[in-house]
Structures are given as C-alpha cells and as structure tokens.
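In what follows, a single structure is set out as structure tokens and then discussed.
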Amino acid sequence: MGEAQNGGMGISERRDGEWARHWRHAGLPGLDLLRAHYVRHTFPRHAHDGYVIAAVTGGIEEVGLPGSTDRAGPGSVVLINPEVPHTARAGAPEGWAYSTLYADRELVADVAAEIATLRGTPGFTASTVPDPEGGRLIHEVHAAAEAGNALAADTLLRLAVARMLRAHGGALPARAVPGAGATAAERARAVLEERLADPPSLEQLAAELGTGPFALLRAFRGRYGMPPHTWLTDARVRRARRLLDAGVPPAEAAVEVGFTDQPHLNRHFTRIVGVPPGAYRTARAARPGAARPGTSR
C-alpha cells in the first residue's frame with residue numbers, strides 16, 4: 001500500500017483512499033490535532049498521556065476498551081481518559097472519518113477549574129456519546145486552526161472541552177494503595193522507562209524484582225492493560241514523538257528509543273500515531289493556514 005505526503009500540509013495519503021494529518025498549532029499549547037479517514041488501518045493497543053476527544057464524521061469506528069467494544073458513527077463523540085489502553089479499527093467497509101483533539105492534562109484541568117463543576121482530577125464517565133453539536137464544535141476547532149485563526153480555535157476548543165466535562169465529566173477515582181502485584185508492575189514500568197533502548201527480558205526483569213515471569217506478566221497486564229512488550233513499544237513511540245518534536249531526525253530518534261532502524265520506527269509509529277514520522281514532522285513544521293486538507297477526499 002503506497003503512501004504520499006501532501007506538500008507542506010503533512011498529510012499522509014494512501015492508495016486505498018486513507019489520509020491523515022496529525023499536527024500541532026503553535027497558538028494552541030497542550031493540544032495535538034488529528035483529522036483522518038482510515039479504512040484498513042488499525043490502531044494496536046496503546047494509551048495516551050492526555051485525553052482523547054474525537055468526533056466521528058463518517059463511517060463507523062470500533063474502539064476496544066477495557067471490558068467493552070464501542071461502535072461510534074457520525075454524530076458520536078469518543079472520550080478516553082489518560083493512560084486508558086484502547087484499540088481502534090474500522091467497523092464498516094468504508095472505514096471511518098474523524099476529527100480528534102488530543103488534550104493534555106493541564107489544559108483539561110484548567111477548563112475544569114474555570115467551569116467549577118468538578119472536584120478532584122477531571123475525567124470522562126462515558127466513552128462514546130451521541131452529541132452532534134459537540135462533534136460540530138470539535139470539527140470547527142480543526143477548521144479554525146487550519147485557517148490560522150488561533151483565537152477562534154482556542155475559544156472553540158475550550159467550549160468543546162467544557163461541554164464534554166459538563167455533560168460527561170466526573171472526578172477520576174483516587175489511586176488505591178497498590179498490592180504486591182501492582183507494586184511489582186509499577187517497578188517494572190520504571191525499569192523499562194529507564195532502559196527503554198536496552199530492556200531486559202521478562203525473565204531478567206522478574207528476577208530483578210524478585211518475582212516470577214508469569215506473576216509479573218499477570219500483574220503488569222492487570223495494572224496497565226497490556227503486556228510489558230506492548231507497553232514498551234507504545235512508550236518508545238511516545239518518546240520518539242517528543243524527540244521528533246524537538247527536531248531530532250527520525251533515524252536518530254529510532255536508535256535513541258531502541259528501535260533497530262528507521263523502518264522499524266516507521267512501522268510502529270504509523271500504527272500507533274496514525275501517520276508516518278515524516279508526515280508527523282512536516283505537519284508540525286508547516287505554517288498554520290498555509291494549506292489545509294480537502295474535505296471531499
């Protein structure tokens with residue numbers, strides 16, 4: 001399946017009709033934007049540091065969440081809290097199209113503090129909701145950002161986040177005191193984060209932590225919703241994103257986070273982020289309003 005990057009827009013286009021743009025507007029700190037149409041692309045199990053607020057505009061998206069699978073069609077808004085493992089794929093032959101806001105924790109906390117309706121750490125109590133008006137607001141954030149109108153985009157962004165928090169917000173549950181298994185899982189995560197480029201095997205990791213490989217595997221999956229090797233790939237892609245944002249070339253970023261080479265990074269980055277590293281970098285370097293993706297593709 002061939003791919004192309006559309007000029008200075010950073011749009012990843014494929015021969016099967018898929019296209020995507022993942023970018024950031026300089027006037028909207030704490031926010032990443034993704035607008036895309038996917039048909040064959042599937043997102044493996046992964047999680048985000050911040051919140052996902054996505055308006056489905058066409059087709060059907062299937063979102064795999066802990067304990068359930070949601071089907072979201074046009075007029076639906078998908079809401080995912082930080083660090084919640086999930087998958088995504090097409091739920092219909094035509095795939096799905098959506099406009100997504102990836103909002104960091106500080107941005108959502110700031111909005112929650114202003115509307116003064118929530119106490120504690122804000123979160124969403126529903127994962128998929130019917131809300132055509134909310135979806136329109138989300139799409140208009142993208143349109144304003146793509147037109148280079150930061151004032152309008154920021155205004156619409158805060159209105160959209162406030163709408164979702166008022167209708168579907170609640171305090172995230174406080175972290176319970178972890179048991180022995182959860183503590184081992186957290187220690188394992190810390191080791192993997194520290195040794196991202198050269199991680200130990202499961203057996204070595206378990207031995208370092210004074211537990212057994214299968215006990216550690218069960219504990220890690222119970223705590224983070226995915227096995228250590230899947231979590232590690234996701235963490236490497238997150239770290240690679242930060243390096244690319246800082247201007248590090250993809251080949252150097254690949255080696256620094258522990259991928260064998262740039263094609264290895266490209267494959268996993270594209271699966272998890274939704275666009276290749278090159279398109280990701282191009283979109284971030286593009287001047288807002290210089291060009292915007294067509295809406296008829």
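Residue names in the structure tokens use chain letters A, B, ... in the order shown, residue numbers from 1 in each chain, and ligand numbers from 1 in the order shown.
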Against range 89-93 of chain A, which residues of range 194-285 of chain A fall within 12 Å? For each one I want the closest pair of atoms and the distance in Å (one decimal), counting only C-alpha atoms, rows by chain and increasing residue number, as a tab-separated table.
residue	atom	partner	partner_atom	distance
A:Arg271	CA	A:Arg89	CA	10.9
A:Ile272	CA	A:Arg89	CA	11.6
A:Gly274	CA	A:Arg89	CA	11.2
Shell around Ala143 in chain A at 10 Å using only C-alpha atoms, local window under 2 positions removed, as a ChimeraX atom specification: /A:99,137-141,145-149,152-153,289,292-293
In range 44-198 of chain A, DSSP strand (DSSP E or B) residues written as an MDAnalysis selection string: chainID A and resid 44:46 51:59 61:65 68:72 76:80 86:90 96:103 122:124 128:130 169:171
Residues flagged alpha helix (DSSP H) by DSSP in range 199-284 of chain A, as a ChimeraX atom specification: /A:202-209,213-224,228-245,250-257,262-273,277-284
List every residue of range 5-122 of chain A that has an atom at most 8 Å from any atom of range 165-186 of chain A, giving for each one its closest atom pair and the distance in Å to one decimal, counting only C-alpha atoms, sorted by chain and then by ascending residue number, as CSV.
residue,atom,partner,partner_atom,distance
A:Ala112,CA,A:Leu165,CA,7.1
A:Thr117,CA,A:Arg166,CA,7.2
A:Leu118,CA,A:Gly170,CA,6.4
A:Arg119,CA,A:Ala171,CA,6.2
A:Gly120,CA,A:Ala171,CA,5.3
A:Thr121,CA,A:Ala171,CA,5.2
A:Pro122,CA,A:Ala171,CA,4.7
With C-alpha atoms retained, export the selected residues as an mmCIF file, in the first residue's frame.
data_model
loop_
_atom_site.group_PDB
_atom_site.id
_atom_site.type_symbol
_atom_site.label_atom_id
_atom_site.label_comp_id
_atom_site.auth_asym_id
_atom_site.auth_seq_id
_atom_site.Cartn_x
_atom_site.Cartn_y
_atom_site.Cartn_z
ATOM 1 C CA ALA A 112 -12.451 22.094 34.659
ATOM 2 C CA THR A 117 -18.372 21.855 38.422
ATOM 3 C CA LEU A 118 -15.822 19.157 39.228
ATOM 4 C CA ARG A 119 -13.642 18.377 42.183
ATOM 5 C CA GLY A 120 -10.557 16.232 42.024
ATOM 6 C CA THR A 121 -8.827 15.140 38.825
ATOM 7 C CA PRO A 122 -11.257 15.627 35.926
#
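If you count only C-alpha atoms and ignore residues fewer than 4 places along the chain from Thr57 in chain A, what sits within 12 Å of it is Arg35, Ala36, His37, Tyr38, Glu61, Ala72, Gly73, Pro74, Gly75, Ser76, Val77, Val78, Gly95, Trp96, Ala97, Tyr98, Ser99, Thr100, Pro130, Asp131, Pro132, Glu133, Gly134, Gly135, Arg136, Leu137, Ile138, His139 and Thr295 of chain A.
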